[in-house]
Amino acid sequence: MKKLFMMAFAVVSAMALTVSCDSDYAPDSFLDEAKVSSSYVAIDVNGGSSTVELTANGSWEIANGLDWLTVSPMSGSAGNSTITFSAASTMDGRNGAVTINVGGKSQYINVIQGLSTVAQATCAEVIAGPDSKTYLTKGIVTAITNTTYGNFYINDGTGEVYIYGTLYAGKTQNNPIKNNNIEVGDEITVQGPKTTYNGTVELVDVTVVKVAKSLIKCDSTYVAGVPSAELPIEGGEITAYLTNKGNGLFVDVPADAQSWLSISQIAGNTVTFKAQPNDGGDRSTTLVFKTTDGKKDYSTEVAISQKGAVVAVTCKDFNSKEDGDAQYKVRGIVTNIANTKYGNLYINDGTGEVYVYGITDWANYSSTLKVGDEVELQSVKTSYKGAAQMKNAIVNELVAHDVLTVDQFLATEESKTAYYVLSGTVVASAPEGSKVDLATYGNFTLKDETGEVYVYGVLNNMLEKKNKQFGTLGVKEGDKITILGYHTSYKGVCQVGGAIFIKNEPAAAE
């Protein structure tokens, strides 16, 4: 403990020389206005408190900018006072200073807790280590995800760590990627505290210690003689132009793209790839180029994509798709608008339900789109906490439908172009001259609190619209069914025609 105290005293004394250039302050001198028993405070790394005696000739107050340090009291009057400095335990040493202001003069109290050390670690050791600990680590930049905050991934071969926020000149959001000259493929050394967010290990608001530039860099990619990283749907060639200061050039087609992409030619530091026509949705991959100086390998990456057809799928199929860049379009009835500010809503097409997390250009639809409307939406499949969703959807088509009770439906004019949304209980009955069929066509009576109407056939879902499939929907007598259909009649008896199955709520088991 004596050695630790002497080390702490030495560190504090050295630190005090750099705290201020104020002529009223010297490391081992004290103000006449505010005399203190010590100009430094040492707190145990495991947490604790320490006190300083203050004699002031007037009212005083303390300025404390250290969020980890508690000072009490923060102010007082002339005379003798005891000031207590407290801190919780810390994994790494830390230090700083507080100021006692009295009579227009300032007395500085330097505070140290433990010895300030930073653990140098591999990415694997960072991943396995405790949160809140500060690490010094280095790795290859594999992807840059946000240039404003300076978010990127590093990998040193033992694991991958996400960098969430990068400082430049001690400030956040200070154009850190450009100012630190960080590029994919560079070997970077950073220092910062670890945290874990939703299972992702992060170093937060790191300081860049060193950037070792990669010996290889992708300067540009061209498609059909034009700068681009996107191939057309019909396929073609994309050429990557590289700067390579290493020995040799190594490139492979990524496994996720080998079914549609191949190397066409390598000429010096120029690599050309050939893509096949795309009859599916949008697809993408990341090309990796490598070189070596004989001791260390260097790499650079470039993301490329290929446009694809927009695939029409049912709600059920959409929810089962993998997250990615492929574009899908889904048609369904709006069953619930969960957020009127962003356009978060649910649609159902008879096969299942899709949650839509936001509508692009929602302002154009917020005053008109309503529950019961039929929409065709287009976007990619994403997930949030394991739940499927369509994010930032584009509205390809909007067809307004009213949600009616049975008596309201019966009051409308007959028309095979005006569709309405109806919900009611399935009753195994039919008007004279008609029949009940719950096994094949879907013929039954729909009943709600206002009345009943005969349904003459139900198509299985909004995309396929197949008949003779009603038995596969699992609808039983007593269930509450929702359908989309138009008002027609047979031999003077009103009925629902052209009905499309939307959803079913099975009756409670007795």
# chains A, B, ... in the order shown; residues from 1 in each chain; ligands from 1
$ closest_atom_pairs --of "segment 325-375 of chain A" --to "segment 277-280 of chain A" --cutoff "10 Å" --atoms "only C-alpha atoms" --output "Markdown table"
| residue | atom | partner | partner_atom | distance |
| --- | --- | --- | --- | --- |
| A:Ala326 | CA | A:Gly280 | CA | 7.8 |
| A:Gln327 | CA | A:Gly280 | CA | 8.9 |
| A:Tyr328 | CA | A:Gly280 | CA | 9.8 |
$ closest_atom_pairs --of "segment 258-334 of chain A" --to "segment 467-489 of chain A" --cutoff "12 Å" --atoms "only C-alpha atoms" --output "Markdown table"
| residue | atom | partner | partner_atom | distance |
| --- | --- | --- | --- | --- |
| A:Gly332 | CA | A:Leu484 | CA | 10.4 |
| A:Ile333 | CA | A:Leu484 | CA | 8.7 |
| A:Val334 | CA | A:Leu484 | CA | 11.7 |
$ write_last_selection --atoms "N, CA and C atoms" --output "PDB file, in the first residue's frame"
ATOM      1  N   GLY A 332     -52.354  -7.229 -49.752  1.00  0.00           N
ATOM      2  CA  GLY A 332     -53.204  -7.647 -48.648  1.00  0.00           C
ATOM      3  C   GLY A 332     -54.142  -6.542 -48.212  1.00  0.00           C
ATOM      4  N   ILE A 333     -54.997  -6.895 -47.254  1.00  0.00           N
ATOM      5  CA  ILE A 333     -55.938  -5.952 -46.668  1.00  0.00           C
ATOM      6  C   ILE A 333     -55.330  -5.378 -45.386  1.00  0.00           C
ATOM      7  N   VAL A 334     -55.403  -4.072 -45.227  1.00  0.00           N
ATOM      8  CA  VAL A 334     -54.906  -3.434 -44.009  1.00  0.00           C
ATOM      9  C   VAL A 334     -55.846  -3.801 -42.862  1.00  0.00           C
TER      10      VAL A 334
END
$ residues_around --residues "Gly199 of chain A" --least-positions-apart "3" --cutoff "12 Å" --atoms "only C-alpha atoms" --output "compact mmCIF listing (two decimals) with N, CA, C and O atoms, in the first residue's frame"
# COMPACT_ATOMS: atom_id res chain seq x y z
N ILE A 127 -14.03 -9.65 -26.70
CA ILE A 127 -15.35 -10.29 -26.71
C ILE A 127 -15.59 -11.03 -25.40
O ILE A 127 -16.69 -10.99 -24.83
N ASP A 131 -17.79 -5.97 -19.60
CA ASP A 131 -18.23 -4.65 -20.05
C ASP A 131 -17.64 -3.58 -19.14
O ASP A 131 -17.29 -3.83 -17.99
N VAL A 161 -15.03 -7.31 -33.77
CA VAL A 161 -15.58 -6.36 -32.80
C VAL A 161 -16.16 -5.18 -33.56
O VAL A 161 -15.57 -4.69 -34.53
N TYR A 162 -17.32 -4.72 -33.08
CA TYR A 162 -17.98 -3.57 -33.70
C TYR A 162 -17.54 -2.30 -33.00
O TYR A 162 -17.61 -2.21 -31.77
N THR A 195 -18.80 -2.38 -24.36
CA THR A 195 -20.18 -2.59 -23.93
C THR A 195 -20.77 -3.69 -24.79
O THR A 195 -20.19 -4.08 -25.81
N THR A 196 -21.93 -4.19 -24.40
CA THR A 196 -22.63 -5.21 -25.19
C THR A 196 -24.05 -4.73 -25.38
O THR A 196 -24.75 -4.43 -24.41
N GLU A 202 -19.28 -4.25 -28.47
CA GLU A 202 -18.91 -2.96 -29.06
C GLU A 202 -17.81 -2.29 -28.22
O GLU A 202 -17.77 -2.44 -27.00
N LYS A 385 -35.62 -8.54 -33.59
CA LYS A 385 -35.71 -9.46 -32.46
C LYS A 385 -36.38 -10.77 -32.87
O LYS A 385 -37.22 -11.32 -32.16
$ residues_around --residues "Gln306 of chain A" --least-positions-apart "3" --cutoff "9 Å" --atoms "only C-alpha atoms" --output "MDAnalysis selection string"
chainID A and resid 229:233 235 275 278 281:284
$ write_last_selection --atoms "N, CA and C atoms" --output "PDB file, in the first residue's frame"
ATOM      1  N   ALA A 229     -21.337   0.105 -59.196  1.00  0.00           N
ATOM      2  CA  ALA A 229     -21.159  -1.160 -58.470  1.00  0.00           C
ATOM      3  C   ALA A 229     -22.405  -2.018 -58.587  1.00  0.00           C
ATOM      4  N   GLU A 230     -23.329  -1.654 -59.510  1.00  0.00           N
ATOM      5  CA  GLU A 230     -24.587  -2.376 -59.672  1.00  0.00           C
ATOM      6  C   GLU A 230     -24.714  -2.928 -61.076  1.00  0.00           C
ATOM      7  N   LEU A 231     -24.895  -4.234 -61.140  1.00  0.00           N
ATOM      8  CA  LEU A 231     -25.089  -4.917 -62.419  1.00  0.00           C
ATOM      9  C   LEU A 231     -26.563  -4.921 -62.790  1.00  0.00           C
ATOM     10  N   PRO A 232     -26.865  -4.918 -64.090  1.00  0.00           N
ATOM     11  CA  PRO A 232     -28.271  -4.943 -64.520  1.00  0.00           C
ATOM     12  C   PRO A 232     -28.875  -6.330 -64.364  1.00  0.00           C
ATOM     13  N   ILE A 233     -30.182  -6.402 -64.450  1.00  0.00           N
ATOM     14  CA  ILE A 233     -30.901  -7.655 -64.279  1.00  0.00           C
ATOM     15  C   ILE A 233     -30.508  -8.690 -65.321  1.00  0.00           C
ATOM     16  N   GLY A 235     -27.617  -9.280 -66.456  1.00  0.00           N
ATOM     17  CA  GLY A 235     -26.255  -9.749 -66.246  1.00  0.00           C
ATOM     18  C   GLY A 235     -25.252  -8.896 -66.990  1.00  0.00           C
ATOM     19  N   ALA A 275     -21.451 -11.696 -64.418  1.00  0.00           N
ATOM     20  CA  ALA A 275     -22.674 -12.057 -63.697  1.00  0.00           C
ATOM     21  C   ALA A 275     -23.688 -12.649 -64.653  1.00  0.00           C
ATOM     22  N   ASN A 278     -30.417 -12.402 -63.892  1.00  0.00           N
ATOM     23  CA  ASN A 278     -31.058 -12.592 -62.590  1.00  0.00           C
ATOM     24  C   ASN A 278     -32.564 -12.676 -62.763  1.00  0.00           C
ATOM     25  N   GLY A 281     -34.912 -12.060 -57.076  1.00  0.00           N
ATOM     26  CA  GLY A 281     -34.895 -10.726 -56.496  1.00  0.00           C
ATOM     27  C   GLY A 281     -33.503 -10.125 -56.496  1.00  0.00           C
ATOM     28  N   ASP A 282     -33.377  -8.901 -56.000  1.00  0.00           N
ATOM     29  CA  ASP A 282     -32.075  -8.244 -55.911  1.00  0.00           C
ATOM     30  C   ASP A 282     -31.100  -9.126 -55.134  1.00  0.00           C
ATOM     31  N   ARG A 283     -29.832  -9.099 -55.528  1.00  0.00           N
ATOM     32  CA  ARG A 283     -28.826  -9.865 -54.824  1.00  0.00           C
ATOM     33  C   ARG A 283     -27.519  -9.076 -54.768  1.00  0.00           C
ATOM     34  N   SER A 284     -26.678  -9.410 -53.808  1.00  0.00           N
ATOM     35  CA  SER A 284     -25.439  -8.662 -53.626  1.00  0.00           C
ATOM     36  C   SER A 284     -24.391  -9.565 -53.002  1.00  0.00           C
TER      37      SER A 284
END
$ atom_distance --atom1 "atom CA of Ile154 of chain A" --atom2 "atom CA of Lys138 of chain A"
7.5 Å
$ residues_around --residues "segment 297-304 of chain A" --least-positions-apart "4" --cutoff "9 Å" --atoms "only C-alpha atoms" --output "MDAnalysis selection string"
chainID A and resid 140:143 183:187 214:218 220:221 228:231 238 240 246 283:293
$ closest_residue --among "A:Asp219, A:Asp92, A:Glu125, A:Glu397" --to "Val201 of chain A" --atoms "only C-alpha atoms"
A:Glu125
$ closest_residue --among "A:Ala121, A:Val436, A:Ala388, A:Val330" --to "Asn461 of chain A" --atoms "only C-alpha atoms"
A:Val330
$ select_by_dssp --residues "segment 256-436 of chain A" --states "alpha helix (DSSP H)" --output "PyMOL selection string"
chain A and resi 315-320+406-410
$ residues_around --residues "Asp317 of chain A" --least-positions-apart "6" --cutoff "10 Å" --atoms "only C-alpha atoms" --output "short mmCIF file (atom, residue, chain, number, x, y, z; two decimals) with all heavy atoms, in the first residue's frame"
data_model
loop_
_atom_site.label_atom_id
_atom_site.label_comp_id
_atom_site.auth_asym_id
_atom_site.auth_seq_id
_atom_site.Cartn_x
_atom_site.Cartn_y
_atom_site.Cartn_z
N VAL A 330 -46.09 -7.65 -51.82
CA VAL A 330 -47.13 -8.39 -51.12
C VAL A 330 -48.41 -7.59 -51.20
O VAL A 330 -48.42 -6.38 -50.99
CB VAL A 330 -46.74 -8.62 -49.64
CG1 VAL A 330 -47.84 -9.37 -48.91
CG2 VAL A 330 -45.43 -9.38 -49.53
N THR A 351 -53.19 -15.84 -46.27
CA THR A 351 -52.20 -16.86 -45.92
C THR A 351 -51.51 -16.54 -44.60
O THR A 351 -50.89 -17.42 -44.00
CB THR A 351 -51.11 -16.98 -47.00
OG1 THR A 351 -50.31 -15.77 -47.02
CG2 THR A 351 -51.73 -17.19 -48.37
N GLY A 352 -51.59 -15.31 -44.18
CA GLY A 352 -50.90 -14.88 -42.97
C GLY A 352 -50.88 -13.37 -42.89
O GLY A 352 -51.51 -12.66 -43.69
N VAL A 354 -48.42 -9.79 -42.35
CA VAL A 354 -47.11 -9.15 -42.44
C VAL A 354 -47.15 -7.83 -41.68
O VAL A 354 -48.08 -7.03 -41.86
CB VAL A 354 -46.70 -8.90 -43.91
CG1 VAL A 354 -45.51 -7.95 -44.00
CG2 VAL A 354 -46.37 -10.22 -44.61
#
